[in-house]
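Structure, as structure tokens:
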Amino acid sequence: MVGKPVVGENFFGRERELDELDRITNDEHVLLLAPRRVGKTSLLYALSSKVDRESTATSVFVSAATAKNELELVRTVLGAIYETREGKRFKPNRMGTWLRRHTGRVKGVKVAGSGIDLDTQAAVEWQEEADRAFSAIAATKHPWLIMIDELPTLVLLLARSDDTGTRVRAFMQWFRNLRQLPRGGENLRFMLAGSIGLDNVTRRHRLTDTINDLRIWRLGPFTPENADRFLAELARSYELELGDSLRRDICDRAEWLIPYHLQLIFSELRDQCTGRARPSAAALDRAIEAMLSRKAYFATWDERLHEAFGAPDAEHARKLLAMCAREPRGATTSALQQSLARSVPNSTDRATAVAWILDVLANDGYLVEEAGRMRFRSGLLRRYWIKR
Amino acid sequence: MPRPTEISTYNPHLIPREDLVAAFIARRALLDELVDDLRRGAHQHHLLVGVRGAGKTTLLLRLAVAIEEDKKLARTTLPLRFAEEQYNVAHPSDFWLNCLDALLDVLDARGDHAAKRKLEAEVAAIMPLTEKERGIQAIATLIAWARLAKKTLVLLVDNFDLILERLKDAQWAMREALSHDNGIVLIGATSRFLDATITYGSPLYDFFHVHELGPVTEEEARDVVLHLAKLRGHQQVQAVLERDPGRFKALYVLTGGMPRMLVLLSSVLARENPSVEADLERMLDQLTPYYKARFDELPAQSQRIVDAVALHWHPITAAACAEQTRFDVKIVSAQLNRLVQQGTLTKIALPGTSKLGFLLTERFFNIWYLMRANRRVRQKLAWFVEFLRTWYGEEELARRAQVLLDATPGANDPARMLALATTLSDAALRRRLESRAVTMLLEQSPLEEMRELLDLEGADAHLVPVLDRAKALKQLHSHVASHSKLARLGEAIIGSPIIPLASKIGVLEALLHKRTDIISAAVIRQLVASHKERREEFGVPLLTAIASGEVPSFPDVTTRADVVALLGLAKSSVDAAGAILTSGRFYKNPAFGEIFRYIVEQGPRLVALGFAFAMSELDKGEWLAARHQAYELLRSSVPGWGTSEWLGLVAILLQHYVQLGRTQEAASLLAEADPDERWLSIHEALKAAAAGNPDLSHLAPEVRALTTELLAFFRSEDASETADRTAPAQRTRHSQPQLRSQPAQRASGDRGAARQRTSRRRGRAATAGTRRAPARRR
């Protein structure tokens, strides 16, 4: 499965992470961080299934990506709670009435700019009533695991809708308070995740104090052993003969062992093995070449630098990327600093520029930070970068 | 016999189901992969990315058929087809309602009216809701139906980019709807990489399994062509593929390996050569509305960029494109990249540089553009040139050129001839074809139009002398035509190969004004009488070409191309070459030295002629001219000739010097022309002859033997008899017309002597030839 979150039997190789998260969320709220395509959403789905299956809690999974304002998020979360067996009892009248009342009120508020300009009085009112709804849920002494994916998207939307930062702070503070409910708070566990790191977003908007109760937990690539098992399982599933050394070769080519990249290479290798052709090192070479030949795709990454940085930083970014491309494991920050020494002689300016460029390159999916080094997310992109 | 299948190239949805299955060949592996994926129930979303004509729509349609015809798969999976472009989508709910509509169509087609009515009622209930609720409920209805029916709904969405563009603010919702295991699989097709799928911050980043539908491989293309030929009943195509693999390669290049173009163009393989071009033109004509619409779709700035790229044909850099369009290079780069993303252009690395070049992805589109873009003949036919280059090999192009040249002038389209000329690597052949075309153009077009049709200050500048000559001759023809009494004589003068153009003008002027003081009646009689003789001697094609100005008269020859053209047209190249040399000397052609060289470059027989001519110069006492010619000959080379091949001719020439008492000059000439002493024995023999000392004992035995023989040959009293052993006779009998205005008397007298000598030689050649010549040795 490429791209789409996997569930059930398709979820693979994250057993250790799943157990660990399950254990942590017993006691703590968690902020799940990982670059895109590592498998966050699939892990959240798996955790949801696990806690439901083992009846350790009632899980609720929502995405904040489509919410245009605070109220829509609250509504989505409460609506999802209502959909569960445990949550049904909160619904018929009180929840429904509350939702209807506030939905109507929000509709009456005028739209301004990119967000909905809630009037203060209304905002305060929904916060209070939302608190009451969640307090009631918490008070049942039934454990809940509420997983909210893509929360940073809403946070950014709120931040953009109000230059003063008051609105986004109010929301984040309210949400923190919700996680700290004095009574029954131990029954509500939140797991927050998103494609954009919430830590970065809150840092940018000086809101880190509003998430300091969250346990940061990072999801990395597969271990080599899991990657190997993953490939073996894929091969079995597709009835493709994939020997040990070929599996190792695939991992070497992928470099960063996330399921997405392994699947892509596997899929391309499978394409090379039509008819009587069997998987081999030569077929893998052809597969990699075929992937690298999609120049339009890779060229976009190169061209996008100009849009993201403009001159002269686009050239600086290219230098940094060239440095990172030298080795599969990437380059240290100090080495990267050195690579710009000639272009930006002043060391303070250089440090600022490098930090900013690396931040953007990581946010835009070129690089990931791993073991103190910045490396290419994709081994293929790195190879393309070397060849270009 | 099966009925020939008609393949609709632009509306695959109109292809009957059985024809779609029968004709589907190009993307079979990908089809199998997609079907296999659905069989596994992985619910993977796919995105097919390929330029127009890559086969996306056909693949989606064929996938639907594959699902429906696979009994097991059809039990669990239901394909939903949509209009090729869903222009009615403005909000997320529109898209999901279109899905419900497609589902209703399926139910209707299956005659499941109860289910259809039920679903219609549900849809009707959704319609009054707010946009957001309508979207949510539409998805929910779709999912609920899928769950109830225990089927996976496969949304086959063509032009998915159009949907995403219109729903760009709702992509998170789209992602969310497609992220769940809810029985919905989307297989979309787009003509370009979607930013939404490759931008890291986008909701759909890396969300689809992307399949790039690039050009099919040559092998796949061959399969497609053969398969189509079979369906269409074109049995001869297989024979063409086997007999002429280059023709298939050309087809592949022209189509860019794109299935649509393969389908469209493969029928030309079934045609014989002459109709290929006609077919091509017909197709270009048919494609005009389609290509025009594609071009018109582009914004004005993009049109200018595409214009520059298309006119360039070969990959163009951003800088060159900026120069052509006079846009800022940054604007051009941005536009080029956008056009690449749209699939209109392709970006490739230019060999040997770090630069990128851009070209129109669809080469046939480029050909179409070239066809329409220019007024100037050459540029206007640039498309035809590129087609010819691609379609025919070098040999075939040369053969076709020769066929055109051999045909009666006027029987062909001069513009096509110019186009064909551009493709020829043989410079002489190219020049002949161009000259023929120019003279034909002049016949057909008013003079003022010629300047527009040809780029006489640029690419066609070398045709100016041809045009001037043809213009002058055209005027002469028209003067003559208006004086019926002069017709025969006038045409004889105009078509004469041995009168220079200036003289033709002067003589005709005199005739028209009855200036008997300038041209005598005797000369007029001689001119008329000789015309028939010339025609027999050189052939009608040469005289016709001279009369039209396609080639110059012999005395006006100045270039290698002139020489090659005249020799090519003449009945006998040796006769023509002899006449060129004789008239060149007679009229004191300033380029005579070069002309002599050009002639002897044309092969062994003309080298021999050169030797004979040089000897006749010696006979006439033209020492300096003879020396120049001898020097040229001794310095020239003939492919495949070694020392032994040259030896006889060189020996005969130098013996002539010796016999004329100019042994010392012969020795110095040889020393100058052969500093490497290729012909060591001749050097030694000449030295011995000059010194009058036959003692050769100082020489090594292997040199001595030949030197002795050569020395004997140089001293032989009747050596001149051997001169014709290898050299064909010089045809000096082409005496010049004795015009009173020219110094004919002296030349005539000289030539008379030479003529006598030459005919004497010719008479003896057969009997006295090899007997007396020194043996050739390596």
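Each chain of the structure tokens is named A, B, ... in the order shown, its residues numbered from 1; ligands are numbered from 1 in display order.
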Item to complete: Find the residues near range 361-369 of chain A: any atom within 10 Å, counting only C-alpha atoms, skip ones fewer than 5 places away on the same chain, and give them as a PyMOL selection string.
Response: (chain A and resi 34-37+195-197+200+256+301+304-305+308-309+317+320-321+324-325+329-333+355-356+374-378+381-382) or (chain B and resi 198-202+205)
Selected residues, N, CA and C atoms, written as a JSON list (two decimals), in the first residue's frame, please.
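out.json, written as the output of this step:
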[["chain", "number", "residue", "atom", "x", "y", "z"],
["A", 34, "ALA", "N", 6.86, 13.01, 13.50],
["A", 34, "ALA", "CA", 7.56, 12.23, 12.45],
["A", 34, "ALA", "C", 7.39, 12.96, 11.13],
["A", 35, "PRO", "N", 8.37, 12.86, 10.26],
["A", 35, "PRO", "CA", 8.18, 13.43, 8.92],
["A", 35, "PRO", "C", 7.04, 12.71, 8.21],
["A", 36, "ARG", "N", 6.67, 13.26, 7.08],
["A", 36, "ARG", "CA", 5.55, 12.65, 6.35],
["A", 36, "ARG", "C", 5.96, 11.30, 5.76],
["A", 37, "ARG", "N", 4.97, 10.47, 5.61],
["A", 37, "ARG", "CA", 5.10, 9.16, 4.97],
["A", 37, "ARG", "C", 5.87, 8.14, 5.81],
["A", 195, "SER", "N", 1.24, 16.28, 9.99],
["A", 195, "SER", "CA", 2.33, 16.25, 9.01],
["A", 195, "SER", "C", 3.34, 17.35, 9.29],
["A", 196, "ILE", "N", 2.85, 18.44, 9.79],
["A", 196, "ILE", "CA", 3.75, 19.53, 10.18],
["A", 196, "ILE", "C", 3.95, 19.36, 11.68],
["A", 197, "GLY", "N", 5.19, 19.43, 12.13],
["A", 197, "GLY", "CA", 5.44, 19.22, 13.55],
["A", 197, "GLY", "C", 4.79, 20.30, 14.41],
["A", 200, "ASN", "N", 7.27, 22.65, 15.99],
["A", 200, "ASN", "CA", 7.76, 23.76, 15.16],
["A", 200, "ASN", "C", 6.76, 24.90, 15.12],
["A", 256, "TRP", "N", 16.90, 5.40, 3.68],
["A", 256, "TRP", "CA", 16.11, 5.76, 4.86],
["A", 256, "TRP", "C", 14.94, 4.78, 4.88],
["A", 301, "TRP", "N", 11.65, 19.00, -7.60],
["A", 301, "TRP", "CA", 12.30, 19.28, -6.30],
["A", 301, "TRP", "C", 13.38, 20.35, -6.46],
["A", 304, "ARG", "N", 11.73, 23.76, -7.24],
["A", 304, "ARG", "CA", 10.98, 24.32, -6.12],
["A", 304, "ARG", "C", 11.88, 25.14, -5.19],
["A", 305, "LEU", "N", 13.17, 24.87, -5.22],
["A", 305, "LEU", "CA", 14.08, 25.61, -4.33],
["A", 305, "LEU", "C", 14.02, 27.09, -4.63],
["A", 308, "ALA", "N", 10.96, 28.49, -3.10],
["A", 308, "ALA", "CA", 10.98, 28.48, -1.63],
["A", 308, "ALA", "C", 11.93, 29.53, -1.07],
["A", 309, "PHE", "N", 13.04, 29.76, -1.76],
["A", 309, "PHE", "CA", 14.07, 30.61, -1.17],
["A", 309, "PHE", "C", 14.34, 31.90, -1.94],
["A", 317, "ALA", "N", 20.92, 26.79, -0.49],
["A", 317, "ALA", "CA", 20.21, 25.53, -0.23],
["A", 317, "ALA", "C", 20.78, 24.42, -1.11],
["A", 320, "LEU", "N", 23.98, 23.22, 0.36],
["A", 320, "LEU", "CA", 23.75, 22.38, 1.55],
["A", 320, "LEU", "C", 23.26, 21.00, 1.13],
["A", 321, "LEU", "N", 22.38, 20.99, 0.15],
["A", 321, "LEU", "CA", 21.86, 19.69, -0.32],
["A", 321, "LEU", "C", 22.98, 18.87, -0.96],
["A", 324, "CYS", "N", 24.87, 17.34, 1.79],
["A", 324, "CYS", "CA", 24.12, 16.24, 2.41],
["A", 324, "CYS", "C", 24.09, 15.01, 1.51],
["A", 325, "ALA", "N", 24.17, 15.26, 0.20],
["A", 325, "ALA", "CA", 24.03, 14.15, -0.75],
["A", 325, "ALA", "C", 25.28, 13.29, -0.83],
["A", 329, "ARG", "N", 24.21, 8.82, 4.92],
["A", 329, "ARG", "CA", 23.78, 9.23, 6.28],
["A", 329, "ARG", "C", 23.78, 10.74, 6.44],
["A", 330, "GLY", "N", 24.10, 11.47, 5.40],
["A", 330, "GLY", "CA", 23.99, 12.92, 5.43],
["A", 330, "GLY", "C", 25.22, 13.62, 5.98],
["A", 331, "ALA", "N", 25.04, 14.84, 6.47],
["A", 331, "ALA", "CA", 26.17, 15.64, 6.93],
["A", 331, "ALA", "C", 25.84, 16.27, 8.28],
["A", 332, "THR", "N", 26.87, 16.54, 9.03],
["A", 332, "THR", "CA", 26.65, 17.19, 10.33],
["A", 332, "THR", "C", 26.39, 18.68, 10.11],
["A", 333, "THR", "N", 25.79, 19.31, 11.10],
["A", 333, "THR", "CA", 25.49, 20.73, 10.95],
["A", 333, "THR", "C", 26.77, 21.53, 10.80],
["A", 355, "ALA", "N", 20.57, 27.60, 9.69],
["A", 355, "ALA", "CA", 19.48, 27.08, 10.53],
["A", 355, "ALA", "C", 18.13, 27.25, 9.81],
["A", 356, "TRP", "N", 17.96, 28.43, 9.22],
["A", 356, "TRP", "CA", 16.69, 28.71, 8.55],
["A", 356, "TRP", "C", 16.50, 27.80, 7.33],
["A", 374, "MET", "N", 21.99, 15.79, 9.11],
["A", 374, "MET", "CA", 20.88, 16.06, 8.19],
["A", 374, "MET", "C", 21.09, 15.15, 6.97],
["A", 375, "ARG", "N", 20.10, 14.31, 6.70],
["A", 375, "ARG", "CA", 20.22, 13.40, 5.58],
["A", 375, "ARG", "C", 19.03, 13.55, 4.65],
["A", 376, "PHE", "N", 19.22, 13.07, 3.42],
["A", 376, "PHE", "CA", 18.10, 13.10, 2.48],
["A", 376, "PHE", "C", 17.02, 12.13, 2.95],
["A", 377, "ARG", "N", 15.79, 12.58, 2.86],
["A", 377, "ARG", "CA", 14.69, 11.68, 3.20],
["A", 377, "ARG", "C", 14.67, 10.49, 2.25],
["A", 378, "SER", "N", 14.93, 10.78, 1.00],
["A", 378, "SER", "CA", 14.81, 9.73, -0.01],
["A", 378, "SER", "C", 16.17, 9.44, -0.63],
["A", 381, "LEU", "N", 16.14, 10.54, -4.20],
["A", 381, "LEU", "CA", 16.33, 11.97, -4.41],
["A", 381, "LEU", "C", 17.80, 12.32, -4.23],
["A", 382, "ARG", "N", 18.45, 11.65, -3.27],
["A", 382, "ARG", "CA", 19.88, 11.90, -3.06],
["A", 382, "ARG", "C", 20.67, 11.50, -4.31],
["B", 198, "ILE", "N", 3.19, 16.22, -4.90],
["B", 198, "ILE", "CA", 4.63, 16.26, -4.67],
["B", 198, "ILE", "C", 5.07, 17.43, -3.78],
["B", 199, "THR", "N", 4.11, 18.21, -3.31],
["B", 199, "THR", "CA", 4.46, 19.28, -2.38],
["B", 199, "THR", "C", 4.34, 18.74, -0.96],
["B", 200, "TYR", "N", 5.43, 18.87, -0.24],
["B", 200, "TYR", "CA", 5.52, 18.23, 1.07],
["B", 200, "TYR", "C", 4.38, 18.63, 2.00],
["B", 201, "GLY", "N", 3.99, 19.91, 1.92],
["B", 201, "GLY", "CA", 2.96, 20.37, 2.85],
["B", 201, "GLY", "C", 1.54, 20.09, 2.36],
["B", 202, "SER", "N", 1.42, 19.53, 1.17],
["B", 202, "SER", "CA", 0.08, 19.32, 0.62],
["B", 202, "SER", "C", -0.58, 18.09, 1.23],
["B", 205, "TYR", "N", 0.27, 14.81, -0.51],
["B", 205, "TYR", "CA", 1.69, 14.54, -0.73],
["B", 205, "TYR", "C", 1.95, 13.03, -0.67]]
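Selected on chain B by distance to chain A: B:Ala42, B:Gln44, B:Trp172, B:Ala173, B:Ser179, B:Phe193, B:Tyr200, B:Gly201, B:Asp206, B:Phe207, B:Phe208, B:His209 (within 7 Å, counting only C-alpha atoms).
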Take the residues from that selection and put them in a file with C-alpha atoms, as a short mmCIF file (atom, residue, chain, number, x, y, z; two decimals), in the first residue's frame.
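Result file follows (out_10.cif):
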data_model
loop_
_atom_site.label_atom_id
_atom_site.label_comp_id
_atom_site.auth_asym_id
_atom_site.auth_seq_id
_atom_site.Cartn_x
_atom_site.Cartn_y
_atom_site.Cartn_z
CA ALA B 42 -5.40 -3.57 -1.04
CA GLN B 44 -4.59 1.33 -3.06
CA TRP B 172 -7.74 17.72 3.20
CA ALA B 173 -11.33 16.58 3.04
CA SER B 179 -7.68 7.69 3.86
CA PHE B 193 2.64 15.80 -12.23
CA TYR B 200 5.52 18.23 1.07
CA GLY B 201 2.96 20.37 2.85
CA ASP B 206 2.87 11.06 -1.77
CA PHE B 207 -0.68 9.91 -1.32
CA PHE B 208 -1.09 8.01 -4.58
CA HIS B 209 0.83 5.25 -6.19
#
Practice prompt. Do a neighbour search on range 346-363 of chain B at 10 Å with only C-alpha atoms, toss out local chain neighbours closer than 2 positions, and write the hits as a PyMOL selection string.
Written response: (chain A and resi 295-296+299+388) or (chain B and resi 51-53+253-258+261+306-321+336-337+339-344+365-369+383+386-387)
Excluding Phe61 in chain A and any residue of its chain fewer than 5 positions from it, enumerate the residues within 7 Å of it, using only C-alpha atoms, and give them as a PDB file with C-alpha atoms, in the first residue's frame.
ATOM      1  CA  ILE A 146      -8.554  10.838  21.823  1.00  0.00           C
ATOM      2  CA  MET A 147      -6.262  10.981  18.861  1.00  0.00           C
ATOM      3  CA  ILE A 148      -6.224  14.148  16.804  1.00  0.00           C
TER       4      ILE A 148
END
Fill in: All alpha helix (DSSP H) residues (DSSP, backbone) inside range 159-258 of chain B, as a PyMOL selection string
chain B and resi 160-166+171-179+195-198+218-232+236-243+245-255
Item to complete: Compare A:Leu292, A:Ala281, A:Ile258, A:Leu269 by their minimum atom-to-atom distance to Tyr384 in chain A, counting only C-alpha atoms, and give me the closest one.
Response: A:Leu292
Per residue of range 511-600 of chain B within 12 Å of range 424-447 of chain B, what are the shortest atom pair and its distance in Å to one decimal, counting only C-alpha atoms, with rows by chain and residue number, as CSV?
residue,atom,partner,partner_atom,distance
B:Pro541,CA,B:Arg436,CA,11.5
B:Leu542,CA,B:Arg436,CA,11.7
B:Thr544,CA,B:Arg436,CA,10.7
B:Ala545,CA,B:Arg436,CA,7.8
B:Ile546,CA,B:Arg436,CA,10.5
B:Ala547,CA,B:Thr439,CA,10.1
B:Ser548,CA,B:Thr439,CA,6.4
B:Gly549,CA,B:Thr439,CA,6.6
B:Glu550,CA,B:Ser435,CA,5.0
B:Val551,CA,B:Ser435,CA,7.2
B:Pro552,CA,B:Ser435,CA,10.3
B:Thr559,CA,B:Ala428,CA,10.1
B:Arg560,CA,B:Ala428,CA,7.8
B:Ala561,CA,B:Ala428,CA,5.0
B:Asp562,CA,B:Ala428,CA,8.1
B:Val563,CA,B:Ala428,CA,8.9
B:Val564,CA,B:Ala428,CA,6.1
B:Ala565,CA,B:Arg432,CA,5.8
B:Leu566,CA,B:Arg432,CA,9.1
B:Leu567,CA,B:Ala428,CA,10.7
B:Gly568,CA,B:Leu429,CA,9.0
B:Leu569,CA,B:Arg432,CA,9.5
B:Tyr598,CA,B:Ala428,CA,11.7
With C-alpha atoms retained, write the just-selected residues as a PDB file, in the first residue's frame.
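Written output follows (result08.pdb):
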ATOM      1  CA  PRO B 541      18.894  16.862 -69.750  1.00  0.00           C
ATOM      2  CA  LEU B 542      22.143  18.825 -69.695  1.00  0.00           C
ATOM      3  CA  THR B 544      17.663  21.689 -70.837  1.00  0.00           C
ATOM      4  CA  ALA B 545      19.265  22.440 -67.498  1.00  0.00           C
ATOM      5  CA  ILE B 546      21.610  24.941 -69.116  1.00  0.00           C
ATOM      6  CA  ALA B 547      18.748  26.571 -70.986  1.00  0.00           C
ATOM      7  CA  SER B 548      16.802  27.034 -67.755  1.00  0.00           C
ATOM      8  CA  GLY B 549      19.769  28.301 -65.790  1.00  0.00           C
ATOM      9  CA  GLU B 550      19.783  25.370 -63.412  1.00  0.00           C
ATOM     10  CA  VAL B 551      23.447  24.881 -64.307  1.00  0.00           C
ATOM     11  CA  PRO B 552      25.855  27.296 -65.959  1.00  0.00           C
ATOM     12  CA  THR B 559      32.362  26.063 -58.301  1.00  0.00           C
ATOM     13  CA  ARG B 560      32.792  22.424 -57.493  1.00  0.00           C
ATOM     14  CA  ALA B 561      29.004  22.126 -57.327  1.00  0.00           C
ATOM     15  CA  ASP B 562      28.782  23.465 -60.913  1.00  0.00           C
ATOM     16  CA  VAL B 563      31.296  20.876 -62.082  1.00  0.00           C
ATOM     17  CA  VAL B 564      29.550  18.018 -60.315  1.00  0.00           C
ATOM     18  CA  ALA B 565      26.143  19.122 -61.552  1.00  0.00           C
ATOM     19  CA  LEU B 566      27.266  19.384 -65.177  1.00  0.00           C
ATOM     20  CA  LEU B 567      29.093  16.079 -65.141  1.00  0.00           C
ATOM     21  CA  GLY B 568      26.069  14.452 -63.486  1.00  0.00           C
ATOM     22  CA  LEU B 569      23.712  15.723 -66.138  1.00  0.00           C
ATOM     23  CA  TYR B 598      37.467  19.882 -59.232  1.00  0.00           C
TER      24      TYR B 598
END
Worksheet item: So how many Å separate CA of Ala270 in chain B and CA of Val237 in chain B, to one decimal?
Response: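 According to the coordinates, CA of Ala270 in chain B and CA of Val237 in chain B are separated by 5.2 Å.
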Item to complete: Write out as an NGL selection string each polymer residue whose atoms come within 10 Å of Leu156 in chain A, counting only C-alpha atoms; drop sequence neighbours fewer than 4 positions from it.
Response: :A and (151-152 or 160-161 or 168 or 196 or 198 or 201-202 or 204-205)
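Taking only C-alpha atoms, the non-local environment of His483 in chain B within 12 Å (same-chain residues fewer than 5 positions away omitted) comprises Leu476, His477, Ser478, Arg488, Leu489, Gly490, Glu491, Leu508, Leu511, Leu512 and His513 of chain B.
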Suppose we keep C-alpha atoms; can you now write the selection as a compact mmCIF listing (two decimals), in the first residue's frame?
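Below is the file part_33.txt, written as the result:
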# COMPACT_ATOMS: atom_id res chain seq x y z
CA LEU B 476 16.14 35.68 -73.22
CA HIS B 477 13.52 32.97 -73.68
CA SER B 478 10.77 35.57 -73.65
CA ARG B 488 15.16 27.91 -83.49
CA LEU B 489 18.37 29.88 -83.53
CA GLY B 490 17.55 31.59 -80.26
CA GLU B 491 16.93 28.35 -78.43
CA LEU B 508 20.88 37.46 -79.06
CA LEU B 511 20.46 39.03 -83.67
CA LEU B 512 17.40 40.87 -82.44
CA HIS B 513 18.84 44.13 -83.77
